[in-house]
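Source file entry25.txt; content: compact mmCIF, C-alpha atoms.
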# COMPACT_ATOMS: atom_id res chain seq x y z
CA PRO A 1 28.77 -27.79 5.87
CA PHE A 2 27.89 -24.78 3.71
CA GLY A 3 27.14 -26.97 0.70
CA ARG A 4 25.00 -29.25 2.83
CA ALA A 5 23.06 -26.28 4.17
CA LEU A 6 22.39 -25.06 0.63
CA MET A 7 21.18 -28.52 -0.34
CA MET A 8 18.79 -28.60 2.62
CA LEU A 9 17.43 -25.17 1.71
CA TRP A 10 16.93 -26.31 -1.88
CA GLU A 11 15.07 -29.40 -0.73
CA LEU A 12 12.95 -27.21 1.53
CA PHE A 13 12.18 -24.95 -1.45
CA LEU A 14 11.14 -27.91 -3.65
CA GLU A 15 9.07 -29.67 -0.97
CA PRO A 16 5.44 -29.90 -2.24
CA SER A 17 4.11 -28.86 1.17
CA ASN A 18 5.99 -25.58 0.78
CA LEU A 19 4.82 -24.85 -2.76
CA ILE A 20 2.89 -21.67 -1.90
CA PHE A 21 5.85 -20.25 0.03
CA SER A 22 8.26 -21.06 -2.79
CA ILE A 23 5.95 -19.30 -5.26
CA SER A 24 5.68 -16.25 -2.96
CA LEU A 25 9.45 -15.97 -2.61
CA SER A 26 9.93 -16.38 -6.37
CA LEU A 27 7.35 -13.68 -7.11
CA MET A 28 9.09 -11.32 -4.71
CA LEU A 29 12.40 -11.83 -6.51
CA LEU A 30 10.69 -11.50 -9.91
CA PHE A 31 9.02 -8.19 -8.98
CA GLY A 32 12.34 -6.85 -7.74
CA LEU A 33 14.10 -7.87 -10.96
CA ILE A 34 11.41 -6.33 -13.17
CA GLU A 35 11.48 -3.08 -11.22
CA CYS A 36 15.29 -2.90 -11.53
CA LEU A 37 15.05 -3.43 -15.29
CA LEU A 38 12.34 -0.75 -15.61
CA LEU A 39 14.46 1.70 -13.61
CA LEU A 40 17.38 1.08 -15.98
CA ILE A 41 15.24 2.22 -18.92
CA GLY A 42 13.85 5.19 -17.00
CA SER A 43 10.44 3.76 -16.16
CA SER A 44 8.67 2.23 -13.16
CA SER A 45 5.76 -0.08 -12.37
CA GLN A 46 4.64 2.16 -9.49
CA GLY A 47 1.89 3.97 -11.39
CA LEU A 48 0.43 0.68 -12.61
CA MET A 49 0.51 -0.88 -9.14
CA GLU A 50 -1.16 2.07 -7.40
CA GLN A 51 -4.39 1.60 -9.37
CA PHE A 52 -5.09 -1.53 -7.31
CA VAL A 53 -5.30 0.53 -4.09
CA PRO A 54 -8.97 1.47 -3.47
CA ASP A 55 -9.64 5.22 -3.71
CA GLN A 56 -11.77 4.97 -0.55
CA LEU A 57 -8.68 3.89 1.37
CA HIS A 58 -6.89 7.09 0.40
CA GLU A 59 -9.97 9.09 1.33
CA ILE A 60 -10.05 7.57 4.83
CA GLN A 61 -6.34 8.25 5.37
CA GLY A 62 -6.46 11.69 3.84
CA VAL A 63 -8.91 13.09 6.39
CA GLU A 64 -7.76 10.83 9.24
CA ALA A 65 -11.34 9.65 9.69
CA ASP A 66 -12.57 7.36 12.42
CA LEU A 67 -12.08 3.93 10.87
CA GLU A 68 -14.45 2.23 13.28
CA GLY A 69 -17.38 3.57 11.31
CA SER A 70 -15.89 2.68 7.94
CA ASN A 71 -16.06 -0.44 5.85
CA LEU A 72 -14.52 -3.35 7.78
CA PHE A 73 -12.44 -4.49 4.81
CA LEU A 74 -11.01 -0.99 4.28
CA THR A 75 -10.28 -0.78 7.99
CA PHE A 76 -8.28 -4.00 7.76
CA LEU A 77 -6.34 -2.75 4.71
CA ASP A 78 -5.53 0.49 6.51
CA TRP A 79 -4.36 -1.49 9.54
CA LEU A 80 -1.95 -3.31 7.22
CA TYR A 81 -0.58 0.08 6.06
CA LEU A 82 -1.81 -0.57 2.52
CA GLY A 83 -1.86 2.77 0.73
CA ARG A 84 0.51 4.37 3.24
CA ILE A 85 3.58 3.13 1.37
CA PRO A 86 4.06 2.41 -2.36
CA MET A 87 2.04 -0.62 -3.44
CA LEU A 88 5.05 -2.44 -4.88
CA VAL A 89 6.99 -2.00 -1.63
CA TRP A 90 4.02 -3.30 0.37
CA LEU A 91 3.65 -6.31 -1.93
CA VAL A 92 7.34 -7.20 -1.61
CA ILE A 93 7.03 -6.96 2.19
CA PHE A 94 3.97 -9.21 2.21
CA LEU A 95 5.46 -11.87 -0.08
CA THR A 96 8.72 -11.90 1.87
CA VAL A 97 7.13 -12.11 5.31
CA TYR A 98 4.57 -14.70 4.23
CA SER A 99 7.13 -17.01 2.61
CA LEU A 100 9.62 -16.74 5.49
CA THR A 101 6.87 -17.36 8.05
CA GLY A 102 5.92 -20.53 6.20
CA PHE A 103 9.46 -21.82 5.73
CA ILE A 104 10.45 -21.16 9.35
CA THR A 105 7.29 -22.81 10.66
CA GLN A 106 7.88 -25.88 8.50
CA ILE A 107 11.53 -26.13 9.58
CA ILE A 108 10.60 -25.99 13.27
CA PHE A 109 7.79 -28.52 12.84
CA PHE A 110 10.02 -30.87 10.84
CA ASN A 111 12.73 -30.80 13.51
CA PHE A 112 10.22 -32.09 16.07
CA THR A 113 8.21 -34.53 13.93
CA GLN A 114 10.38 -35.36 10.90
CA PHE A 115 7.56 -34.44 8.50
CA TYR A 116 6.03 -31.24 7.15
CA LEU A 117 2.58 -29.84 7.73
CA PRO A 118 0.24 -30.31 4.73
CA LEU A 119 -0.12 -27.39 2.34
CA TRP A 120 -3.88 -26.98 2.88
CA LEU A 121 -3.26 -26.41 6.60
CA ILE A 122 -0.02 -24.44 6.69
CA ALA A 123 -0.87 -21.96 3.89
CA PRO A 124 -3.94 -20.30 5.50
CA ALA A 125 -2.46 -20.58 9.00
CA CYS A 126 0.67 -18.67 8.00
CA LEU A 127 -1.42 -16.14 6.05
CA ILE A 128 -3.18 -15.21 9.29
CA ALA A 129 -0.07 -15.46 11.45
CA CYS A 130 2.07 -13.22 9.22
CA MET A 131 -0.33 -10.25 9.18
CA PRO A 132 0.99 -8.57 12.36
CA LEU A 133 4.54 -8.93 11.01
CA VAL A 134 3.48 -7.46 7.66
CA ARG A 135 1.95 -4.48 9.48
CA LEU A 136 5.05 -4.01 11.66
CA SER A 137 7.40 -4.19 8.66
CA ALA A 138 5.26 -1.77 6.62
CA ALA A 139 5.10 0.66 9.57
CA ILE A 140 8.91 0.64 9.87
CA ILE A 141 9.36 1.15 6.11
CA SER A 142 6.82 4.01 6.09
CA ARG A 143 9.02 5.90 8.56
CA ILE A 144 12.14 5.32 6.46
CA LEU A 145 10.76 6.23 3.03
CA PRO A 146 10.89 9.93 2.10
CA LYS A 147 7.55 11.70 2.27
CA ASP A 148 7.80 13.17 -1.23
CA GLU A 149 4.11 12.73 -1.99
CA THR A 150 2.98 14.53 1.16
CA THR A 151 5.20 17.50 0.27
CA ALA A 152 3.85 17.53 -3.29
CA ILE A 153 0.27 17.82 -2.01
CA TYR A 154 1.02 21.33 -0.72
CA SER A 155 3.17 22.33 -3.67
CA GLU A 156 2.41 25.41 -5.79
CA ALA A 157 2.66 23.09 -8.78
CA LEU A 158 -0.94 22.02 -8.12
CA ILE A 159 -2.29 25.59 -8.34
CA GLY A 160 -4.35 26.02 -11.51
CA ARG A 161 -5.19 22.34 -11.74
CA THR A 162 -8.69 20.89 -11.64
CA ALA A 163 -9.67 18.98 -8.50
CA LEU A 164 -12.71 16.80 -7.84
CA ILE A 165 -14.61 16.97 -4.54
CA ILE A 166 -14.83 13.39 -3.27
CA LEU A 167 -15.88 13.66 0.36
CA GLY A 168 -18.37 16.05 1.94
CA GLU A 169 -19.25 19.65 1.03
CA ALA A 170 -16.76 22.52 1.07
CA LYS A 171 -17.58 25.96 2.48
CA GLN A 172 -15.38 28.85 3.52
CA ASP A 173 -13.35 27.78 6.56
CA TYR A 174 -14.89 24.27 6.26
CA PRO A 175 -12.82 22.41 3.66
CA ALA A 176 -13.77 19.12 2.07
CA GLN A 177 -11.56 16.46 0.59
CA ALA A 178 -10.74 16.47 -3.11
CA LYS A 179 -8.41 14.63 -5.43
CA VAL A 180 -6.18 16.20 -8.07
CA LYS A 181 -3.75 14.80 -10.64
CA ASP A 182 -0.29 16.39 -10.87
CA GLN A 183 1.88 16.88 -13.95
CA PHE A 184 3.29 13.38 -13.55
CA GLY A 185 -0.12 11.72 -13.52
CA GLN A 186 -0.03 11.00 -9.77
CA ILE A 187 -3.24 11.39 -7.77
CA HIS A 188 -3.08 13.54 -4.59
CA TYR A 189 -5.76 13.87 -1.91
CA ILE A 190 -6.09 17.40 -0.55
CA LEU A 191 -8.39 19.65 1.48
CA VAL A 192 -10.20 22.35 -0.50
CA GLU A 193 -12.38 25.33 0.46
CA PRO A 194 -14.07 27.99 -1.70
CA GLU A 195 -12.25 31.25 -2.31
CA ILE A 196 -15.57 33.13 -2.21
CA ASP A 197 -18.78 32.61 -0.22
CA THR A 198 -20.16 29.57 -2.02
CA THR A 199 -20.45 25.81 -1.56
CA PHE A 200 -18.70 22.99 -3.39
CA SER A 201 -20.80 19.82 -3.57
CA LEU A 202 -19.73 16.17 -3.75
CA GLY A 203 -18.61 15.31 -7.29
CA GLN A 204 -18.05 18.95 -8.31
CA GLU A 205 -14.92 20.00 -10.21
CA VAL A 206 -13.06 23.08 -8.97
CA ILE A 207 -9.88 24.93 -9.92
CA LEU A 208 -7.18 25.38 -7.28
CA THR A 209 -6.17 29.02 -6.89
CA GLN A 210 -3.92 29.33 -3.82
CA GLN A 211 -2.46 27.46 -0.90
CA THR A 212 -3.73 27.71 2.65
CA LYS A 213 -2.30 26.46 5.92
CA ASN A 214 -4.20 23.18 5.62
CA GLY A 215 -4.78 22.81 1.91
CA PHE A 216 -6.03 24.96 -0.99
CA LYS A 217 -8.61 27.54 -1.94
CA ALA A 218 -10.49 27.05 -5.19
CA ILE A 219 -13.07 28.51 -7.54
CA THR A 220 -15.86 26.85 -9.49
CA HIS A 221 -14.75 25.08 -12.65
CA SER A 222 -16.25 26.77 -15.69
CA ILE A 223 -17.04 24.56 -18.68

File written out as structure tokens:
Amino acid sequence: PFGRALMMLWELFLEPSNLIFSISLSLMLLFGLIECLLLLIGSSSQGLMEQFVPDQLHEIQGVEADLEGSNLFLTFLDWLYLGRIPMLVWLVIFLTVYSLTGFITQIIFFNFTQFYLPLWLIAPACLIACMPLVRLSAAIISRILPKDETTAIYSEALIGRTALIILGEAKQDYPAQAKVKDQFGQIHYILVEPEIDTTFSLGQEVILTQQTKNGFKAITHSI
């Protein structure tokens, strides 16, 4: 019985109507294998993957803005928890959920009709149907993963580094959002306010001088 079950799964994997799901599952396994190999040599693909997450998505999450007034596409990405967990982890979740949704749907349909749904129909249908499951899975993983990056945002290691104002204007007691790169090349999104009575404008570079309860104080960057 076990051998027969494996044969049925293999036939399901090779079925032309399931091609997109087979590719998704294979990519998931390939990404996992590559990441394991990179970890063995002391590297990671995480930095490369994170560049595909739009900066605007981090900006929205960083200030907990009202997404209803934001770009609809960015709102959808935020709903899917994209940018809230590492990009590679999110991609593995998506590929896994999408492929399993397709395979399970095809198995159920085949048991009732003795044939599979065509690829052009099942592929987009499962893409839509799997989205709530992708969001749920990503939300669960986000609660399990350690919040190392959030802790690093308020670390003294960022003091003395140059930050760029990316959202709004910063005044004393009215911080604006900025982004800063740490010693490992990771980008962090923080709240910054002037140390003296001045204003930081959008696109201005400032130097972080000390931590506050909600973020950092900074001074004007001198060229």

| query | Which is closer to Phe109 in chain A than all the others in A:Ile122, A:Val97, A:Leu91, A:Leu25, using only C-alpha atoms? | reply |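 For Phe109 in chain A, the nearest of the given residues is A:Ile122.
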
| Close residues, Lys179 in chain A itself excluded, 9 Å, all atoms listed in the file, min 4 positions apart in chain, as number ranges by chain | A: 59, 162-166, 187-191

| request: Would you list the contacts of Val134 in chain A as a list in words, taking every protein, DNA or RNA residue within 12 Å and counting all atoms listed in the file, but skipping same-chain residues closer than 4 positions in sequence? | output: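 Those residues are Leu77, Trp79, Leu80, Tyr81, Leu82, Val89, Trp90, Leu91, Val92, Ile93, Phe94, Leu95, Thr96, Val97, Tyr98, Ser99, Leu100, Thr101, Cys126, Leu127, Ile128, Ala129, Cys130, Ala138, Ala139, Ile140 and Ile141 of chain A.
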
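Computed from the coordinates, the CA of Ile196 in chain A to CA of Leu158 in chain A distance equals 19.3 Å.
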
| Which residue gives the smallest distance to Asn18 in chain A among A:Ala5, A:Leu30, A:Ala178, A:Ala123, with only C-alpha atoms counted? |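 Counting only C-alpha atoms, the residue closest to Asn18 in chain A is A:Ala123.
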
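Pairwise distance (CA of Lys213 in chain A, CA of Glu193 in chain A) equals 11.5 Å.
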
| message | From the options A:Thr75, A:Thr113, A:Gln106, A:Ser142, which residue's atoms come nearest to Phe21 in chain A, counting only C-alpha atoms? | response |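 Of A:Thr75, A:Thr113, A:Gln106, A:Ser142, the one nearest Phe21 in chain A is A:Gln106, counting only C-alpha atoms.
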
| query | So how many Å separate CA of Glu195 in chain A and CA of Tyr174 in chain A, to one decimal? | reply | 11.4 Å

| request: Compare A:Ala170, A:Arg143, A:Lys181, A:Met28 by their minimum atom-to-atom distance to Gln204 in chain A, counting all atoms listed in the file, and give me the closest one. | output: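 Closest residue, counting all atoms listed in the file: A:Ala170.
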
| remark: Between A:Leu38, A:Ile85, A:Ala176, A:Ile107, smallest distance to Leu12 in chain A by only C-alpha atoms belongs to A:Ile107
